[in-house]
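Engineer: mmCIF, C-alpha atoms, saved as start_5.cif, coming up:
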data_entry
#
loop_
_atom_site.label_atom_id
_atom_site.label_comp_id
_atom_site.auth_asym_id
_atom_site.auth_seq_id
_atom_site.Cartn_x
_atom_site.Cartn_y
_atom_site.Cartn_z
CA CYS A 1 109.19 110.11 87.07
CA MET A 2 106.07 110.98 89.05
CA ALA A 3 105.79 107.56 90.71
CA ALA A 4 105.09 107.51 94.44
CA VAL A 5 106.62 110.96 94.97
CA ASP A 6 103.31 112.75 95.49
CA ILE A 7 101.75 110.07 97.69
CA GLU A 8 101.33 110.87 101.38
CA PRO A 9 102.97 107.94 103.19
CA PHE A 10 100.69 105.19 104.44
CA SER A 11 101.20 101.59 105.48
CA PHE A 12 99.35 98.32 104.88
CA VAL A 13 99.84 94.67 105.76
CA ILE A 14 100.48 91.81 103.31
CA VAL A 15 99.57 88.28 104.35
CA SER A 16 99.84 85.23 102.13
CA ASP A 17 99.51 81.46 102.02
CA THR A 18 97.78 80.81 105.35
CA HIS A 19 96.98 77.23 104.17
CA LEU A 20 94.36 76.51 106.83
CA GLY A 21 94.01 72.77 107.42
CA ARG A 22 97.44 71.84 106.02
CA ASN A 23 98.38 68.28 107.05
CA ASP A 24 95.08 68.17 108.97
CA SER A 25 96.80 70.22 111.65
CA ALA A 26 95.40 73.06 113.77
CA THR A 27 98.77 74.88 113.59
CA PRO A 28 98.04 76.97 110.45
CA GLU A 29 94.84 78.30 112.02
CA GLN A 30 96.69 79.09 115.25
CA GLN A 31 99.38 80.95 113.27
CA TRP A 32 96.67 82.92 111.43
CA GLN A 33 95.04 83.79 114.79
CA GLN A 34 98.38 84.92 116.19
CA GLY A 35 98.97 86.93 113.00
CA ILE A 36 95.58 88.63 113.40
CA ALA A 37 96.35 89.58 117.01
CA GLU A 38 99.71 91.08 116.00
CA ILE A 39 98.26 92.84 112.92
CA ASN A 40 95.52 94.39 115.09
CA ARG A 41 98.18 95.83 117.42
CA GLY A 42 100.51 97.01 114.66
CA PRO A 43 100.53 99.61 111.89
CA GLY A 44 98.60 99.32 108.63
CA ASP A 45 95.40 100.81 107.22
CA PHE A 46 94.22 97.52 105.71
CA VAL A 47 95.33 93.95 104.96
CA LEU A 48 95.92 92.20 101.62
CA HIS A 49 95.76 88.39 101.55
CA LEU A 50 97.50 87.12 98.42
CA GLY A 51 95.99 83.64 98.21
CA ASP A 52 96.04 80.02 99.35
CA VAL A 53 93.65 80.93 102.11
CA VAL A 54 93.11 77.25 102.84
CA ASP A 55 95.12 74.16 101.94
CA LYS A 56 93.98 71.90 99.08
CA ALA A 57 90.55 73.57 98.92
CA ARG A 58 89.38 71.87 102.14
CA ALA A 59 85.69 72.82 102.27
CA LEU A 60 85.40 72.83 106.06
CA GLN A 61 88.27 75.30 106.42
CA TYR A 62 86.54 78.20 104.64
CA PRO A 63 83.96 78.82 107.42
CA ARG A 64 86.82 78.55 109.94
CA TYR A 65 88.83 81.14 108.01
CA VAL A 66 85.86 83.51 107.91
CA ALA A 67 85.15 83.04 111.64
CA THR A 68 88.77 83.81 112.49
CA ARG A 69 88.88 86.75 110.07
CA ALA A 70 86.08 88.37 112.09
CA GLU A 71 88.66 89.02 114.83
CA LEU A 72 90.62 91.33 112.50
CA THR A 73 90.03 95.03 113.22
CA LYS A 74 91.35 96.25 109.85
CA PRO A 75 89.65 95.83 106.45
CA ILE A 76 90.97 92.81 104.51
CA HIS A 77 91.00 92.10 100.76
CA GLU A 78 91.71 88.51 99.66
CA ILE A 79 92.40 86.78 96.36
CA PRO A 80 92.41 83.00 95.80
CA GLY A 81 95.53 80.93 95.20
CA ASN A 82 96.01 77.60 93.42
CA HIS A 83 95.05 75.75 96.62
CA ASP A 84 91.71 77.56 96.79
CA SER A 85 88.44 76.45 95.25
CA THR A 86 87.09 79.41 93.25
CA GLU A 87 83.51 78.37 94.06
CA LEU A 88 84.12 78.02 97.80
CA PHE A 89 86.17 81.22 97.84
CA LYS A 90 83.29 83.12 96.21
CA GLN A 91 80.78 81.49 98.55
CA HIS A 92 82.64 82.23 101.78
CA VAL A 93 85.41 84.81 101.31
CA SER A 94 84.52 87.28 98.55
CA ASP A 95 81.83 86.98 95.89
CA ARG A 96 84.00 89.00 93.49
CA ILE A 97 87.57 87.96 92.78
CA ASP A 98 88.74 90.53 90.20
CA ARG A 99 88.13 93.91 91.79
CA SER A 100 89.86 97.11 92.84
CA PHE A 101 89.78 99.70 95.59
CA ASP A 102 91.40 103.12 95.94
CA HIS A 103 93.37 104.24 98.98
CA ASN A 104 95.37 107.41 99.48
CA GLY A 105 95.96 108.10 95.78
CA VAL A 106 96.67 104.45 94.90
CA ARG A 107 94.42 101.99 93.07
CA PHE A 108 94.91 98.43 94.30
CA VAL A 109 93.92 96.02 91.52
CA LEU A 110 93.28 92.45 92.69
CA PHE A 111 92.80 89.59 90.24
CA GLY A 112 92.81 85.81 90.30
CA ASN A 113 95.58 84.34 88.16
CA ALA A 114 95.89 80.93 89.84
CA ARG A 115 94.35 77.62 88.81
CA SER A 116 94.08 74.47 90.92
CA SER A 117 95.33 72.41 87.95
CA SER A 118 98.71 74.19 87.69
CA HIS A 119 101.43 76.00 89.63
CA ASP A 120 101.70 78.50 86.77
CA GLY A 121 99.71 81.71 86.46
CA PHE A 122 97.18 82.65 83.78
CA ILE A 123 95.78 86.04 82.74
CA THR A 124 92.85 85.65 80.35
CA THR A 125 92.03 87.98 77.45
CA GLN A 126 88.94 89.10 79.38
CA GLN A 127 91.09 89.90 82.42
CA LEU A 128 93.62 91.81 80.30
CA GLU A 129 90.77 93.96 78.92
CA TRP A 130 89.51 94.61 82.46
CA LEU A 131 93.04 95.43 83.69
CA ALA A 132 93.46 97.91 80.81
CA LYS A 133 90.20 99.63 81.80
CA GLU A 134 91.27 99.80 85.46
CA CYS A 135 94.58 101.38 84.43
CA ALA A 136 92.87 103.88 82.10
CA GLN A 137 90.47 104.93 84.87
CA ALA A 138 93.36 105.25 87.33
CA ALA A 139 95.20 107.47 84.83
CA LEU A 140 92.13 109.74 84.46
CA GLN A 141 91.99 110.10 88.25
CA ASN A 142 95.78 110.49 88.54
CA LEU A 143 96.05 107.41 90.77
CA LYS A 144 99.10 105.18 91.08
CA ILE A 145 98.57 101.43 90.61
CA VAL A 146 99.44 98.33 92.65
CA PHE A 147 98.62 94.91 91.17
CA CYS A 148 97.90 91.93 93.45
CA CYS A 149 97.74 88.33 92.21
CA HIS A 150 98.84 85.01 93.69
CA VAL A 151 101.28 83.75 91.04
CA PRO A 152 104.20 85.97 89.96
CA ILE A 153 104.20 87.32 86.44
CA HIS A 154 107.99 87.65 86.35
CA SER A 155 109.91 84.82 84.64
CA ASN A 156 112.00 82.69 87.01
CA ARG A 157 113.78 79.36 87.05
CA HIS A 158 115.80 77.22 89.46
CA PRO A 159 116.87 78.06 92.21
CA ASP A 160 113.45 79.80 92.21
CA ARG A 161 110.45 77.60 91.59
CA GLY A 162 109.95 78.25 87.88
CA TRP A 163 106.26 79.05 88.39
CA TYR A 164 104.97 82.19 86.68
CA VAL A 165 102.67 83.57 83.96
CA LYS A 166 104.25 82.23 80.77
CA PRO A 167 104.38 84.44 77.62
CA ASP A 168 101.52 82.48 76.00
CA ASN A 169 99.38 82.84 79.14
CA GLY A 170 99.24 86.64 79.34
CA GLN A 171 102.72 87.69 80.47
CA THR A 172 103.60 89.55 77.23
CA GLU A 173 100.35 91.51 77.15
CA PHE A 174 100.57 92.29 80.87
CA TYR A 175 104.03 93.83 80.53
CA ASP A 176 102.85 95.76 77.44
CA LEU A 177 100.08 97.24 79.60
CA VAL A 178 102.54 98.09 82.39
CA GLY A 179 104.78 99.76 79.81
CA LYS A 180 101.90 102.00 78.71
CA HIS A 181 101.55 103.15 82.33
CA THR A 182 105.24 103.51 83.21
CA GLY A 183 105.61 105.64 86.32
CA ARG A 184 102.03 104.93 87.35
CA VAL A 185 102.37 101.20 88.11
CA LEU A 186 104.45 100.93 91.28
CA LEU A 187 104.13 97.35 92.50
CA CYS A 188 103.09 93.80 91.68
CA LEU A 189 102.46 91.80 94.85
CA HIS A 190 102.37 87.98 94.93
CA GLY A 191 102.45 84.98 97.26
CA HIS A 192 102.85 81.35 96.14
CA PHE A 193 106.60 80.72 96.65
CA HIS A 194 106.88 80.35 100.46
CA ASN A 195 110.30 81.95 100.13
CA GLY A 196 110.14 85.09 102.27
CA ILE A 197 110.45 88.48 100.58
CA ARG A 198 111.86 87.74 97.10
CA GLY A 199 111.56 89.86 93.99
CA TRP A 200 112.81 91.77 90.98
CA ARG A 201 112.82 95.29 89.68
CA ASP A 202 113.63 95.14 85.97
CA HIS A 203 110.35 95.99 84.19
CA HIS A 204 109.61 99.73 83.92
CA ALA A 205 110.88 100.41 87.51
CA VAL A 206 108.02 98.28 88.90
CA VAL A 207 108.82 96.37 92.10
CA GLU A 208 107.59 92.78 91.62
CA VAL A 209 107.69 90.95 94.93
CA LEU A 210 106.72 87.59 96.39
CA CYS A 211 105.63 87.86 100.01
CA PRO A 212 106.25 85.43 102.88
CA SER A 213 103.84 82.73 103.98
CA LEU A 214 102.09 82.89 107.34
CA CYS A 215 102.16 79.07 107.36
CA TYR A 216 105.72 78.02 106.39
CA ASN A 217 108.68 79.25 104.33
CA GLN A 218 111.49 77.24 102.77
CA ASN A 219 115.18 77.97 102.38
CA ARG A 220 116.26 78.02 98.74
CA ASN A 221 119.71 79.52 99.49
CA MET A 222 118.75 82.70 97.64
CA THR A 223 121.39 84.91 99.29
CA GLU A 224 124.11 82.62 97.98
CA HIS A 225 122.51 82.28 94.52
CA LEU A 226 122.17 86.06 94.15
CA ARG A 227 125.78 86.59 95.25
CA SER A 228 127.06 84.05 92.72
CA GLY A 229 124.92 85.44 89.90
CA VAL A 230 122.90 82.24 89.43
CA ALA A 231 119.77 84.27 90.28
CA SER A 232 118.91 87.95 89.79
CA GLY A 233 116.77 90.35 91.78
CA PHE A 234 116.55 90.75 95.54
CA PHE A 235 115.91 88.66 98.65
CA VAL A 236 115.48 89.60 102.31
CA PRO A 237 117.44 87.07 104.42
CA GLU A 238 114.58 86.01 106.71
CA LEU A 239 112.40 82.89 106.44
CA ARG A 240 110.47 82.63 109.69
CA THR A 241 106.69 82.34 109.48
CA GLY A 242 105.35 85.87 109.21
CA TYR A 243 103.86 88.69 107.20
CA THR A 244 104.92 91.98 105.60
CA ILE A 245 104.32 95.58 106.63
CA ALA A 246 104.51 97.84 103.56
CA THR A 247 104.97 101.61 103.75
CA LEU A 248 104.51 103.60 100.55
CA GLY A 249 104.85 107.33 99.90
CA ASN A 250 107.17 110.30 99.31
CA GLY A 251 108.85 108.41 96.48
CA ARG A 252 109.74 105.40 98.61
CA LEU A 253 108.61 101.85 99.39
CA VAL A 254 109.68 99.89 102.46
CA LEU A 255 108.74 96.23 102.95
CA GLN A 256 109.39 95.11 106.51
CA TYR A 257 109.42 91.42 107.40
CA LYS A 258 107.37 90.78 110.54
CA PRO A 259 108.04 87.28 111.93
CA LEU A 260 105.30 85.97 114.21
CA GLY A 261 106.15 86.57 117.85
CA SER A 262 109.19 88.75 117.06
CA GLU A 263 109.96 92.36 116.31
CA VAL A 264 110.08 93.65 112.75
CA GLY A 265 113.46 92.66 111.32
CA ALA A 266 114.98 92.70 107.86
CA ASP A 267 113.51 94.88 105.13
CA TYR A 268 113.65 95.81 101.44
CA SER A 269 113.38 99.39 100.22
CA ALA A 270 113.01 100.97 96.80
CA GLU A 271 112.90 104.56 95.63
CA TRP A 272 111.38 106.46 92.72
CA LYS A 273 112.96 109.71 91.63
#
Would you encode the structure as structure tokens?
Structural biologist:
Amino acid sequence: CMAAVDIEPFSFVIVSDTHLGRNDSATPEQQWQQGIAEINRGPGDFVLHLGDVVDKARALQYPRYVATRAELTKPIHEIPGNHDSTELFKQHVSDRIDRSFDHNGVRFVLFGNARSSSHDGFITTQQLEWLAKECAQAALQNLKIVFCCHVPIHSNRHPDRGWYVKPDNGQTEFYDLVGKHTGRVLLCLHGHFHNGIRGWRDHHAVVEVLCPSLCYNQNRNMTEHLRSGVASGFFVPELRTGYTIATLGNGRLVLQYKPLGSEVGADYSAEWK
């Protein structure tokens, strides 16, 4: 399999679920500011923000987010989550939601799959056509692919949250597309669960991973549930507020958990032969 083997290693930062304005508190914004200061000092060529930029689409929080974001010294690429207003997101954060950029032999494909009316994810027919085109272009240019969307595509149930892209809402077609590009699609990155680094690797060797919230994470006893076989996949035993530093290349992925105010701790790694 050619995946990730011929990529020169590089690192990037993954932030998610900043939820500015949550409980009408200044704390989420302060955590985001602290995160920015630490991200500026640390490794990473760019930052991905995987959604729920603000909490409950609070209109006044979008200008605050943008003002704070200006302190970041690395490029940042955001997608909206179910808490975001698509209109306000487009007005303040990014006028295009579904878009891609190439970095170091990898195409990062960002798309909005969250709706404010549901915790589930949705991939429209139009989006599936666009994703297929992005993959075809990446193949022509011999680029690897990383997908980024707020809601996981992978099926899950209790003790996970049971929120995902259901088969009728684009899941089947998405995995068909991934199957056509086996070895090229490396990662699917998501937020939404507030459950640290949690994921699976059982579709075409793709690592599908939910990333920690920079606002709050909750303990769902995943270590225990994985040990007992109630749940499948992987979980990094760390739930402090924080972000992820990803390093990709030479056939390997490392996701390091970076708690705010502490050194990098637990990590997850995957390899491609």
Engineer: Write out as a Markdown table the residues of region 63-87 of chain A that have any atom within 8 Å of an atom of region 11-21 of chain A, one row each with the nearest atom pair and its distance in Å to one decimal, counting only C-alpha atoms, sorted by chain and then rising number.
Structural biologist:
| residue | atom | partner | partner_atom | distance |
| --- | --- | --- | --- | --- |
| A:Tyr65 | CA | A:Leu20 | CA | 7.3 |
| A:Gly81 | CA | A:Asp17 | CA | 7.9 |
| A:His83 | CA | A:His19 | CA | 7.9 |
Engineer: So that I have them on file, write out the residues from the current selection with C-alpha atoms, as a PDB file, in the frame of the given file.
Structural biologist:
ATOM      1  CA  TYR A  65      88.830  81.140 108.010  1.00  0.00           C
ATOM      2  CA  GLY A  81      95.530  80.930  95.200  1.00  0.00           C
ATOM      3  CA  HIS A  83      95.050  75.750  96.620  1.00  0.00           C
TER       4      HIS A  83
END
Engineer: Quote the spacing between CA of Asp84 (chain A) and CA of Gly242 (chain A) in Å to one decimal place.
Structural biologist: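 So the two atoms, CA of Asp84 (chain A) and CA of Gly242 (chain A), lie 20.2 Å apart.
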Engineer: Give me the result of the PyMOL selection byres ((chain A and resi 227-241) around 9) on this file, residue by residue, as a count of residues only.
Structural biologist: 39
Engineer: Which of these, A:Leu50, A:Ile36, A:Ala59, A:Ala246, has the shortest distance to Thr73 (chain A) once you count all atoms listed in the file?
Structural biologist: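 So, comparing all the options, the nearest one is A:Ile36.
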Engineer: Excluding Glu173 (chain A) and residues on its chain fewer than 6 positions from it, collect all residues at most 12 Å away from it, counting all atoms listed in the file, and give them as a list in words.
Structural biologist: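 My reading of the contact set: Phe122, Ile123, Thr124, Thr125, Gln126, Gln127, Leu128, Glu129, Leu131, Ala132, Ile153, Val165, Lys166, Pro167, Gly179 and Lys180 of chain A.
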Engineer: Expressed in Å to a single decimal, how great is the separation between CA of Gly183 (chain A) and CA of Thr244 (chain A)?
Structural biologist: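 Computed distance, CA of Gly183 (chain A) to CA of Thr244 (chain A), equals 23.6 Å.
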Engineer: Can you tell me how far CA of Trp272 (chain A) sits from CA of Lys74 (chain A), in Å to one decimal?
Structural biologist: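 Separating CA of Trp272 (chain A) from CA of Lys74 (chain A) is a distance of 28.3 Å.
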Engineer: Which one of A:Phe101, A:Tyr62, A:Phe147, A:Tyr175 sits closest to Phe89 (chain A) if you count all atoms listed in the file?
Structural biologist: A:Tyr62
Engineer: Can you list, as a list in words, the residues that the PyMOL selection byres ((chain A and resi 96) around 10) selects here?
Structural biologist: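 Against this file, the PyMOL selection byres ((chain A and resi 96) around 10) returns the residues Glu78, Ile79, Phe89, Lys90, Gln91, Val93, Ser94, Asp95, Ile97, Asp98, Arg99, Leu110, Phe111 and Gly112 of chain A.
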Engineer: Go through A:Leu60, A:Cys149, A:Val207, A:Ala67 one by one, measure the shortest atom-to-atom distance of each to Arg115 (chain A) using all atoms listed in the file, and give the residue with the smallest value.
Structural biologist: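 Checking each of A:Leu60, A:Cys149, A:Val207, A:Ala67 against Arg115 (chain A), counting all atoms listed in the file, the winner is A:Cys149.
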Engineer: Here is a test: counting all atoms listed in the file, which residue of A:Gly105, A:Gly191, A:Ala138, A:Asn23 is nearest to Asn250 (chain A)?
Structural biologist: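 Closest to Asn250 (chain A) of all the choices is A:Gly105.
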Engineer: With distances taken over all atoms listed in the file, which of A:Pro43, A:Pro28, A:Gly249, A:Gly121 is nearest to His190 (chain A)?
Structural biologist: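 So, comparing all the options, the nearest one is A:Gly121.
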Engineer: I'd like to know which of A:Asp176, A:His203, A:Val185, A:Glu38 is closest to Glu263 (chain A), using all atoms listed in the file.
Structural biologist: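 Result for the nearest residue to Glu263 (chain A): A:Glu38.
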Engineer: For the structure shown, which residues end up in the PyMOL selection byres ((chain A and resi 252) around 8)? Put them as a ChimeraX atom specification, please?
Structural biologist: /A:4-5,247-251,253-254,269-272
Engineer: Determine, counting all atoms listed in the file, every residue of protein, DNA or RNA that lies within 12 Å of (94.1, 79.6, 117.4) in the file coordinates, then give the result as a compact mmCIF listing (two decimals) with C-alpha atoms, in the coordinates of the input.
Structural biologist:
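Listed below is the output, out-v3.txt:
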# COMPACT_ATOMS: atom_id res chain seq x y z
CA LEU A 20 94.36 76.51 106.83
CA SER A 25 96.80 70.22 111.65
CA ALA A 26 95.40 73.06 113.77
CA THR A 27 98.77 74.88 113.59
CA PRO A 28 98.04 76.97 110.45
CA GLU A 29 94.84 78.30 112.02
CA GLN A 30 96.69 79.09 115.25
CA GLN A 31 99.38 80.95 113.27
CA TRP A 32 96.67 82.92 111.43
CA GLN A 33 95.04 83.79 114.79
CA GLN A 34 98.38 84.92 116.19
CA GLY A 35 98.97 86.93 113.00
CA ILE A 36 95.58 88.63 113.40
CA ALA A 37 96.35 89.58 117.01
CA ARG A 64 86.82 78.55 109.94
CA TYR A 65 88.83 81.14 108.01
CA ALA A 67 85.15 83.04 111.64
CA THR A 68 88.77 83.81 112.49
CA ARG A 69 88.88 86.75 110.07
CA GLU A 71 88.66 89.02 114.83
Engineer: Write out as a ChimeraX atom specification which residues come within 8 Å of Phe193 (chain A) when counting only C-alpha atoms, dropping same-chain ones fewer than 4 positions away.
Structural biologist: /A:161,210-212
Engineer: Kindly output region 72-100 of chain A as an mmCIF file, keeping the file's coordinate frame, after building N, CA and C atoms.
Structural biologist:
data_model
loop_
_atom_site.group_PDB
_atom_site.id
_atom_site.type_symbol
_atom_site.label_atom_id
_atom_site.label_comp_id
_atom_site.auth_asym_id
_atom_site.auth_seq_id
_atom_site.Cartn_x
_atom_site.Cartn_y
_atom_site.Cartn_z
ATOM 1 N N LEU A 72 89.738 90.287 113.057
ATOM 2 C CA LEU A 72 90.620 91.330 112.500
ATOM 3 C C LEU A 72 89.921 92.685 112.593
ATOM 4 N N THR A 73 90.639 93.698 113.066
ATOM 5 C CA THR A 73 90.030 95.030 113.220
ATOM 6 C C THR A 73 90.348 95.963 112.053
ATOM 7 N N LYS A 74 91.056 95.462 111.054
ATOM 8 C CA LYS A 74 91.350 96.250 109.850
ATOM 9 C C LYS A 74 90.608 95.621 108.665
ATOM 10 N N PRO A 75 90.254 96.412 107.651
ATOM 11 C CA PRO A 75 89.650 95.830 106.450
ATOM 12 C C PRO A 75 90.633 94.850 105.793
ATOM 13 N N ILE A 76 90.101 93.774 105.189
ATOM 14 C CA ILE A 76 90.970 92.810 104.510
ATOM 15 C C ILE A 76 90.414 92.525 103.106
ATOM 16 N N HIS A 77 91.339 92.368 102.159
ATOM 17 C CA HIS A 77 91.000 92.100 100.760
ATOM 18 C C HIS A 77 91.771 90.854 100.337
ATOM 19 N N GLU A 78 91.059 89.776 99.997
ATOM 20 C CA GLU A 78 91.710 88.510 99.660
ATOM 21 C C GLU A 78 91.567 88.186 98.170
ATOM 22 N N ILE A 79 92.528 87.413 97.666
ATOM 23 C CA ILE A 79 92.400 86.780 96.360
ATOM 24 C C ILE A 79 92.690 85.293 96.532
ATOM 25 N N PRO A 80 92.141 84.434 95.667
ATOM 26 C CA PRO A 80 92.410 83.000 95.800
ATOM 27 C C PRO A 80 93.762 82.610 95.224
ATOM 28 N N GLY A 81 94.315 81.516 95.749
ATOM 29 C CA GLY A 81 95.530 80.930 95.200
ATOM 30 C C GLY A 81 95.209 79.594 94.541
ATOM 31 N N ASN A 82 96.228 78.886 94.103
ATOM 32 C CA ASN A 82 96.010 77.600 93.420
ATOM 33 C C ASN A 82 95.467 76.526 94.347
ATOM 34 N N HIS A 83 95.616 76.709 95.664
ATOM 35 C CA HIS A 83 95.050 75.750 96.620
ATOM 36 C C HIS A 83 93.575 76.032 96.910
ATOM 37 N N ASP A 84 93.095 77.192 96.483
ATOM 38 C CA ASP A 84 91.710 77.560 96.790
ATOM 39 C C ASP A 84 90.746 77.074 95.721
ATOM 40 N N SER A 85 89.538 76.731 96.165
ATOM 41 C CA SER A 85 88.440 76.450 95.250
ATOM 42 C C SER A 85 87.771 77.788 94.929
ATOM 43 N N THR A 86 87.702 78.136 93.645
ATOM 44 C CA THR A 86 87.090 79.410 93.250
ATOM 45 C C THR A 86 85.654 79.495 93.755
ATOM 46 N N GLU A 87 84.911 78.388 93.614
ATOM 47 C CA GLU A 87 83.510 78.370 94.060
ATOM 48 C C GLU A 87 83.394 78.611 95.563
ATOM 49 N N LEU A 88 84.191 77.871 96.340
ATOM 50 C CA LEU A 88 84.120 78.020 97.800
ATOM 51 C C LEU A 88 84.640 79.386 98.239
ATOM 52 N N PHE A 89 85.650 79.882 97.539
ATOM 53 C CA PHE A 89 86.170 81.220 97.840
ATOM 54 C C PHE A 89 85.071 82.256 97.639
ATOM 55 N N LYS A 90 84.376 82.162 96.498
ATOM 56 C CA LYS A 90 83.290 83.120 96.210
ATOM 57 C C LYS A 90 82.144 82.978 97.214
ATOM 58 N N GLN A 91 81.875 81.750 97.612
ATOM 59 C CA GLN A 91 80.780 81.490 98.550
ATOM 60 C C GLN A 91 81.076 82.061 99.935
ATOM 61 N N HIS A 92 82.311 81.904 100.388
ATOM 62 C CA HIS A 92 82.640 82.230 101.780
ATOM 63 C C HIS A 92 83.451 83.515 101.954
ATOM 64 N N VAL A 93 84.398 83.759 101.059
ATOM 65 C CA VAL A 93 85.410 84.810 101.310
ATOM 66 C C VAL A 93 85.058 86.115 100.626
ATOM 67 N N SER A 94 84.871 86.069 99.309
ATOM 68 C CA SER A 94 84.520 87.280 98.550
ATOM 69 C C SER A 94 83.797 86.866 97.284
ATOM 70 N N ASP A 95 82.605 87.416 97.064
ATOM 71 C CA ASP A 95 81.830 86.980 95.890
ATOM 72 C C ASP A 95 82.420 87.516 94.590
ATOM 73 N N ARG A 96 83.273 88.524 94.686
ATOM 74 C CA ARG A 96 84.000 89.000 93.490
ATOM 75 C C ARG A 96 85.488 88.770 93.699
ATOM 76 N N ILE A 97 86.128 88.221 92.682
ATOM 77 C CA ILE A 97 87.570 87.960 92.780
ATOM 78 C C ILE A 97 88.349 89.113 92.145
ATOM 79 N N ASP A 98 88.052 89.423 90.887
ATOM 80 C CA ASP A 98 88.740 90.530 90.200
ATOM 81 C C ASP A 98 88.038 91.827 90.570
ATOM 82 N N ARG A 99 88.750 92.684 91.299
ATOM 83 C CA ARG A 99 88.130 93.910 91.790
ATOM 84 C C ARG A 99 89.230 94.897 92.158
ATOM 85 N N SER A 100 88.850 96.124 92.452
ATOM 86 C CA SER A 100 89.860 97.110 92.840
ATOM 87 C C SER A 100 89.286 98.017 93.931
#
